[in-house]
>>> print(open('entry-v6.pdb').read())   # PDB, C-alpha atoms, pLDDT in the B column
ATOM      1  CA  MET I   1      87.503 -84.971  20.535  1.00 50.00           C
ATOM      2  CA  GLU I   2      84.691 -87.343  19.572  1.00 48.00           C
ATOM      3  CA  ARG I   3      83.447 -89.641  22.330  1.00 53.00           C
ATOM      4  CA  PRO I   4      82.809 -93.295  21.519  1.00 51.00           C
ATOM      5  CA  SER I   5      79.185 -94.368  21.404  1.00 47.00           C
ATOM      6  CA  PRO I   6      77.984 -96.288  24.491  1.00 51.00           C
ATOM      7  CA  HIS I   7      76.146 -98.665  22.145  1.00 48.00           C
ATOM      8  CA  PRO I   8      77.965-101.285  20.067  1.00 46.00           C
ATOM      9  CA  PRO I   9      77.632-100.847  16.316  1.00 41.00           C
ATOM     10  CA  PRO I  10      74.953-102.976  14.676  1.00 39.00           C
ATOM     11  CA  PRO I  11      76.148-106.094  12.873  1.00 44.00           C
ATOM     12  CA  THR I  12      76.971-105.442   9.238  1.00 43.00           C
ATOM     13  CA  ASP I  13      74.306-107.878   8.082  1.00 61.00           C
ATOM     14  CA  GLY I  14      71.680-106.232  10.306  1.00 82.00           C
ATOM     15  CA  ILE I  15      70.770-109.412  12.193  1.00 90.00           C
ATOM     16  CA  ARG I  16      71.448-109.473  15.928  1.00 93.00           C
ATOM     17  CA  VAL I  17      72.030-112.654  17.952  1.00 94.00           C
ATOM     18  CA  THR I  18      70.982-112.716  21.604  1.00 95.00           C
ATOM     19  CA  ASP I  19      73.402-113.823  24.314  1.00 95.00           C
ATOM     20  CA  GLU I  20      71.299-116.914  25.050  1.00 95.00           C
ATOM     21  CA  VAL I  21      71.619-118.067  21.431  1.00 96.00           C
ATOM     22  CA  ARG I  22      75.361-117.286  21.436  1.00 96.00           C
ATOM     23  CA  THR I  23      75.758-119.498  24.524  1.00 95.00           C
ATOM     24  CA  TYR I  24      73.632-122.241  22.946  1.00 95.00           C
ATOM     25  CA  VAL I  25      75.729-122.258  19.743  1.00 96.00           C
ATOM     26  CA  ALA I  26      78.992-122.271  21.705  1.00 95.00           C
ATOM     27  CA  MET I  27      77.814-125.186  23.879  1.00 94.00           C
ATOM     28  CA  ARG I  28      76.566-127.207  20.901  1.00 93.00           C
ATOM     29  CA  LYS I  29      79.738-126.514  18.858  1.00 95.00           C
ATOM     30  CA  TYR I  30      77.874-126.637  15.544  1.00 93.00           C
ATOM     31  CA  ASP I  31      77.111-124.249  12.755  1.00 97.00           C
ATOM     32  CA  MET I  32      73.375-123.611  12.882  1.00 96.00           C
ATOM     33  CA  ARG I  33      70.625-122.612  10.476  1.00 95.00           C
ATOM     34  CA  VAL I  34      67.428-120.668  11.066  1.00 93.00           C
ATOM     35  CA  CYS I  35      64.901-122.272   8.776  1.00 87.00           C
ATOM     36  CA  THR I  36      61.171-122.476   8.270  1.00 85.00           C
ATOM     37  CA  SER I  37      59.048-124.978  10.168  1.00 85.00           C
ATOM     38  CA  CYS I  38      55.302-125.362  10.571  1.00 86.00           C
ATOM     39  CA  GLY I  39      55.665-123.764  14.018  1.00 85.00           C
ATOM     40  CA  GLY I  40      57.679-120.777  12.803  1.00 86.00           C
ATOM     41  CA  PRO I  41      61.430-120.150  12.580  1.00 90.00           C
ATOM     42  CA  ILE I  42      63.607-122.812  14.160  1.00 91.00           C
ATOM     43  CA  LEU I  43      67.357-122.993  14.864  1.00 94.00           C
ATOM     44  CA  LEU I  44      68.790-126.347  13.810  1.00 94.00           C
ATOM     45  CA  PRO I  45      72.330-127.717  13.437  1.00 95.00           C
ATOM     46  CA  THR I  46      73.527-127.737   9.843  1.00 96.00           C
ATOM     47  CA  SER I  47      74.018-131.498  10.208  1.00 95.00           C
ATOM     48  CA  ILE I  48      70.195-131.757  10.338  1.00 92.00           C
ATOM     49  CA  HIS I  49      69.318-128.944   7.942  1.00 91.00           C
ATOM     50  CA  PRO I  50      72.251-127.914   5.688  1.00 95.00           C
ATOM     51  CA  PRO I  51      72.644-124.283   4.602  1.00 93.00           C
ATOM     52  CA  LYS I  52      71.635-123.139   1.151  1.00 91.00           C
ATOM     53  CA  PRO I  53      73.734-120.868  -1.082  1.00 90.00           C
ATOM     54  CA  THR I  54      71.101-118.122  -0.714  1.00 89.00           C
ATOM     55  CA  ASP I  55      71.282-118.055   3.118  1.00 90.00           C
ATOM     56  CA  LEU I  56      72.626-115.047   4.991  1.00 91.00           C
ATOM     57  CA  ARG I  57      75.600-115.792   7.244  1.00 92.00           C
ATOM     58  CA  VAL I  58      75.983-114.460  10.777  1.00 93.00           C
ATOM     59  CA  ARG I  59      79.193-115.133  12.721  1.00 93.00           C
ATOM     60  CA  VAL I  60      78.675-116.300  16.300  1.00 93.00           C
ATOM     61  CA  GLY I  61      82.086-116.785  17.874  1.00 93.00           C
ATOM     62  CA  ASP I  62      83.843-119.600  16.015  1.00 94.00           C
ATOM     63  CA  PHE I  63      80.629-120.722  14.330  1.00 96.00           C
ATOM     64  CA  THR I  64      78.224-119.503  11.677  1.00 95.00           C
ATOM     65  CA  VAL I  65      74.473-119.184  11.937  1.00 95.00           C
ATOM     66  CA  TYR I  66      72.842-119.312   8.531  1.00 94.00           C
ATOM     67  CA  ILE I  67      69.437-117.771   8.081  1.00 92.00           C
ATOM     68  CA  SER I  68      67.076-118.623   5.278  1.00 84.00           C
ATOM     69  CA  LYS I  69      66.451-115.702   2.952  1.00 84.00           C
ATOM     70  CA  TYR I  70      62.745-116.295   3.564  1.00 82.00           C
ATOM     71  CA  GLN I  71      63.163-115.971   7.347  1.00 82.00           C
ATOM     72  CA  ALA I  72      65.684-113.107   7.148  1.00 85.00           C
ATOM     73  CA  ARG I  73      63.178-110.644   5.731  1.00 87.00           C
ATOM     74  CA  TYR I  74      60.962-111.045   8.818  1.00 88.00           C
ATOM     75  CA  HIS I  75      63.547-111.148  11.615  1.00 88.00           C
ATOM     76  CA  ASP I  76      66.225-108.773  12.823  1.00 90.00           C
ATOM     77  CA  THR I  77      67.134-110.897  15.869  1.00 93.00           C
ATOM     78  CA  ILE I  78      67.968-114.571  16.309  1.00 94.00           C
ATOM     79  CA  HIS I  79      66.540-115.272  19.757  1.00 94.00           C
ATOM     80  CA  ALA I  80      65.927-118.091  22.240  1.00 93.00           C
ATOM     81  CA  GLY I  81      62.386-118.638  20.960  1.00 92.00           C
ATOM     82  CA  MET I  82      63.957-120.194  17.858  1.00 92.00           C
ATOM     83  CA  ILE I  83      65.787-122.885  19.850  1.00 92.00           C
ATOM     84  CA  PRO I  84      63.964-126.215  19.610  1.00 88.00           C
ATOM     85  CA  ARG I  85      63.530-127.547  23.127  1.00 78.00           C
ATOM     86  CA  PHE I  86      63.307-131.167  21.973  1.00 66.00           C
ATOM     87  CA  LEU I  87      67.039-131.103  21.116  1.00 51.00           C
ATOM     88  CA  ASP I  88      67.879-130.584  24.807  1.00 55.00           C
ATOM     89  CA  ARG I  89      67.532-134.339  25.285  1.00 51.00           C
ATOM     90  CA  PHE I  90      70.359-135.180  22.858  1.00 48.00           C
TER      91      PHE I  90
END
>>> encode(input="entry-v6.pdb", output="structure tokens")
Amino acid sequence: MERPSPHPPPPTDGIRVTDEVRTYVAMRKYDMRVCTSCGGPILLPTSIHPPKPTDLRVRVGDFTVYISKYQARYHDTIHAGMIPRFLDRF
């Protein structure tokens, strides 16, 4: 009998989302997009930066995180460093 792996399978799109980002998305209740900024990749609500047809889609609970095809080739994880801290005031 084959034993189940102790590690969850990787996401089918190959991009992992950290628990902190999952919590952030769930609290904000928005679809989000990882896009390019002068300071590096940034996670913004799609109401500020709409997704493009070429974006990859990653399900995060009831929401979708889109990732720019330009960012996707450099990142395998969407992490807390991509959360803009200035949005905490809104």
>>> resolve_selection(input="entry-v6.pdb", expression="the PyMOL selection byres ((chain I and resi 44) around 12)", output="ChimeraX atom specification")
/I:21,24-25,28,30-37,41-43,45-51,64-68,82-88
>>> closest_residue(input="entry-v6.pdb", among="I:Val60, I:Asp76, I:Lys52, I:Tyr70", to="I:Glu20", atoms="all atoms listed in the file")
I:Val60
>>> atom_distance(input="entry-v6.pdb", atom1="atom CA of I:His75", atom2="atom CA of I:Lys29")
23.5 Å
>>> closest_residue(input="entry-v6.pdb", among="I:Val58, I:Cys38, I:Ala26, I:Val17", to="I:Thr77", atoms="only C-alpha atoms")
I:Val17
>>> atom_distance(input="entry-v6.pdb", atom1="atom CA of I:Met27", atom2="atom CA of I:Gly81")
17.0 Å
>>> axis_aligned_box(input="entry-v6.pdb", around="stretch 58-74 of chain I", padding_each_side="4 Å", output="JSON")
{"center_x": 72.4, "center_y": -115.7, "center_z": 10.4, "size_x": 30.9, "size_y": 18.1, "size_z": 22.9}
>>> atom_distance(input="entry-v6.pdb", atom1="atom CA of I:Asp55", atom2="atom CA of I:Gly14")
13.8 Å
